Structures are given as structure tokens and as C-alpha cells.
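Input: a single structure, listed below in C-alpha cells.
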Amino acid sequence: MTNFAILTDSCSDLTAPLRERFGVDGYVPGALVYPDGSNHYADLDWKNMTPAQFFGTMKDKKGGLFTSAQIGLQDVADRFEPLLQQGRDILFVAVSSGLSGTYNSTCLVANELMEKYPERHIRCVDTLRYCGAEGMLVIAATRLRAAGKTLDETADWLEENRLRVHQMGVLEDLFFCKRMGRVSGAAAVMGTLVGIRPLADINEKGLSDVIGKTRGLAPALKATVDYMARTVERPEEQIMLLSHSDRPERAEELRALVEERFHPKELHVVPVCQSCGASIGPGLYAIFYFGRPISSGLTEERSLIAELTGKTK
């Protein structure tokens, strides 16, 4: 059956125009705790506030931070069940289980609903990716469906190829790396003061991992596209995403560099979603693309970045 529904969650960076463009059937919103302690849905379409307002609030690192919260089981059921009642099977493409319990929660709901609707089939895929990387896999799923692949063929392909999706780009404020446990507090303070720009890819556990650093913007952007050149595969066939957290001008600089050098089939610049933005904070601009499979522990990628930035021993 190729008329299956494809759903994702609010960590995929896919706003309404992109979901409509590629035929994504909907998304399950995660929860977001506002700085005042109130609970809300994370909105992929930014109807509740603009990205500038969201990330601008986070400049107040004591009282302006948001926190993502666990997806509601009933929210999952409320979005799955109407599709099942319409006679459609469901492929759910979930954010990395290394960052969220969304995958496990949706599997629980899927199993219960398949008992209730035994003629229907639900498949949940743990992308081991997030933000634009998750969005890349959702888009790939829609293209496979359009090409006539079945639900299981599509899900199998996602699981076989998820570790081929790379992230590379710049994070300006190391406070949020510290908050995620990626650098020490002292390193975050000193690094931000002297203009250190961490460069990260996503490891096999689905976590962002800092694999190198540069000092200053121009070297960071150069390292980004040089790293991409050594890891990307068939860029001219790809639909890429470039995500940023309230850095539209920097995102455009990176977009121009990527398009000039790699000529992707399509490249869409999108805001980092609220669910991921709560942890990432302002100052990220990163390109997501399919490339060679990542190595265990990103050992090969660390060596590559060291070579490109002149940090080899």
C-alpha cells in the first residue's frame, strides 16, 4: 500500500509550506515549558510567536529559557486514530531517541492502536537525528512514497540510511553547549569571549557531538563547506535543509556558499524548531545533507575536521 500517511513530530524543522510541498500528513507536537512555567505545545509553524521573539527571549540566560517536555500519549493517539479510521496505514518519523522519549511513546500508542484496528499497520522509525536532519529523512520518506515504495520499504530505507545524514555549521554561543553537557562551564565562558566556534556532527547515538573548533566566523564557514565537500554524496540530487536559530543573515551566507559549491537540487532555509531550539539556543546556522555513513564515535570525522582546521598533531 503506497497511500500510507507520513507523520513526524515538532523536532523536524518542517514548517507548513514544506509539509504541504512534500505531502507530509501532519505532525505530533511536543510540549514546551515557557520561562514563566506555563505549558504549551511546540508550534512548528510559529503562530504563537516569531523565531526572533523566541530566541530573543533566550538571551536572558537566567529567566528567559524554554524547556522541552515529553510528548503526550493522548496527543499521539489524537493524530493517529483519525487516519486509521480513514483506512490509512501510518509511518511515523521520530526525533532521535538519544534526545527524546518521543519514539518510545509513539511505539506504545501504535501498539495499542493496532490492537484496536488489527487491519491497519503503523511503523515508527527512530531517526537518530533531529532538526533539519530529521526533516531530511521525512522528506526522503515522502519521495520514496511518491516513487511507489510501500510503508515497510520506506521505513526500512530510513533505518538503513539515517546515519548518512550529516550536520555541519556554526554555534555562536557556547552557553548552550554547556547546557547540553558538550563543554565545561569554564570552556563555554572563555570560548565565547575569544570567538571560538564549535563544529558538530551527529553521532550514531543520535546526539550532537562537537568534533572540532575554529576561532572566528570566516574560518568556521570555510571548514563547514570543506567538511561537506569531503563527506557529501551526489549533492546535485539532494533536497537539503539549512536550519538557523535567529541568524538569517549568517544562514544566507552559508546558503550562498553551499549553492555555489555543490548546486543541490533544492536548498530550503528554515528556522530551528521550538522543540530543538529550547536546547540549542540562538546562534546556530547549520547545513544538513546526505553523505557517507558516519564512523563509530565520529572518529573519522574528528580527524577530518582536525585536518581541515590545521589542528592535527
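Note on naming: chains are A, B, ... as they come in the C-alpha cells, residues start from 1 per chain, ligands start from 1 in the order shown.
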Can you list every residue of stretch 204-306 of chain A that has an atom at most 10 Å from stretch 67-71 of chain A, with its nearest atom pair and the distance in Å to one decimal, using only C-alpha atoms, ordered by chain then number, as a Markdown table?
```
| residue | atom | partner | partner_atom | distance |
| --- | --- | --- | --- | --- |
| A:Gln274 | CA | A:Ser68 | CA | 8.2 |
| A:Ser275 | CA | A:Ser68 | CA | 5.7 |
| A:Cys276 | CA | A:Ser68 | CA | 7.7 |
| A:Gly277 | CA | A:Ser68 | CA | 8.9 |
| A:Ala278 | CA | A:Thr67 | CA | 5.5 |
| A:Ser279 | CA | A:Thr67 | CA | 7.2 |
```
Practice task
Give the strand (DSSP E or B) residues of stretch 90-274 of chain A, as DSSP finds them on the backbone, and put them as number ranges by chain.
Solution key: A: 90-94, 122-126, 165-171, 196-202, 208-215, 232, 239-244, 266-271
Exercise for the section: Skip stretch 87-100 of chain A itself and residues of its chain fewer than 2 positions away, then list as JSON, numbers by chain all residues within 7 Å of it, counting only C-alpha atoms. Expected result: {"A": [3, 4, 5, 6, 7, 8, 9, 11, 83, 84, 85, 102, 103, 120, 121, 122, 123, 124, 125, 126, 127, 128, 129, 130, 134, 138, 151, 205, 206, 207]}
Problem - Spatial neighbours of stretch 248-254 of chain A, max dist 9 Å, only C-alpha atoms, sep filter under 3 positions, as a PyMOL selection string - result: chain A and resi 169+221+224-225+242-245+257-259+269+271+284-287
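Proximity to A:Pro219 was assessed for A:Ile239, A:Ala200, A:Ile280, A:Leu308 counting only C-alpha atoms; the smallest distance is recorded for A:Leu308.
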Problem - Who sits within 10 Å of A:Asp75, only C-alpha atoms, same chain under 6 positions skipped, as a list in words - result: Val28, Pro29, Gly30, Thr106 and Val109 of chain A
Would you save the residues of that selection, restricted to N, CA, C and O atoms, as a tab-separated table (two decimals), in the first residue's frame?
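Generated file (selection-v2.tsv):
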```tsv
chain	number	residue	atom	x	y	z
A	28	VAL	N	2.95	15.54	15.27
A	28	VAL	CA	2.53	15.46	16.68
A	28	VAL	C	3.36	16.47	17.45
A	28	VAL	O	4.60	16.36	17.48
A	29	PRO	N	2.74	17.45	18.09
A	29	PRO	CA	3.52	18.48	18.78
A	29	PRO	C	4.04	17.99	20.12
A	29	PRO	O	3.35	17.27	20.85
A	30	GLY	N	5.26	18.38	20.42
A	30	GLY	CA	5.79	18.15	21.76
A	30	GLY	C	5.33	19.25	22.69
A	30	GLY	O	4.65	20.20	22.29
A	106	THR	N	5.52	6.90	21.07
A	106	THR	CA	4.69	6.63	19.90
A	106	THR	C	4.60	5.13	19.62
A	106	THR	O	3.57	4.65	19.13
A	109	VAL	N	1.80	3.83	21.82
A	109	VAL	CA	0.49	4.18	21.29
A	109	VAL	C	0.19	3.36	20.04
A	109	VAL	O	-0.93	2.87	19.85
```
Problem - atom CA of A:Glu233 to atom CA of A:Thr154, straight-line distance in Å - result: 20.0 Å
Handout entry: Distance in Å - atom CA of A:Arg302 versus atom CA of A:Leu199
Key = 9.9 Å
Handout entry: Test item: residues at most 9 Å from A:Ala52, only C-alpha atoms, excluding those fewer than 4 positions along its chain, as number ranges by chain
Key = A: 56-57, 245-247
Prev. selection, C-alpha atoms, output as a CSV table (one decimal), in the first residue's frame:
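Done, and the output landed in out_28.csv:
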```
chain,number,residue,atom,x,y,z
A,56,GLY,CA,15.5,36.7,21.6
A,57,THR,CA,13.8,35.8,24.9
A,245,SER,CA,18.3,29.9,15.3
A,246,ASP,CA,17.6,33.6,14.6
A,247,ARG,CA,20.6,34.1,12.4
```
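For the choices A:Ala155, A:Leu44, A:Met168, A:Ala110, the atom-to-atom distance to A:Asp78 is smallest for A:Ala110 when using only C-alpha atoms.
Atom pair atom CA of A:Ser295 / atom CA of A:Arg164 has a distance of 9.8 Å (rounded to one decimal).
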Problem - Every residue of stretch 44-158 of chain A that DSSP places in alpha helix (DSSP H), as a ChimeraX atom specification - result: /A:51-57,73-85,102-116,131-146,151-158
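Proximity of A:Asn39, A:Thr214, A:Asn48, A:Gln86 to A:Phe66, computed with only C-alpha atoms, is greatest for A:Asn39.
Remark: for A:Phe176, the closest of the candidate residues A:Thr142, A:Leu65, A:Pro35, A:Gly26 is A:Leu65 (distances computed over only C-alpha atoms).
Distances to A:Lys59 were evaluated for A:Phe290, A:Phe175, A:Arg197, A:Glu115 using only C-alpha atoms, and the minimum falls at A:Phe175.
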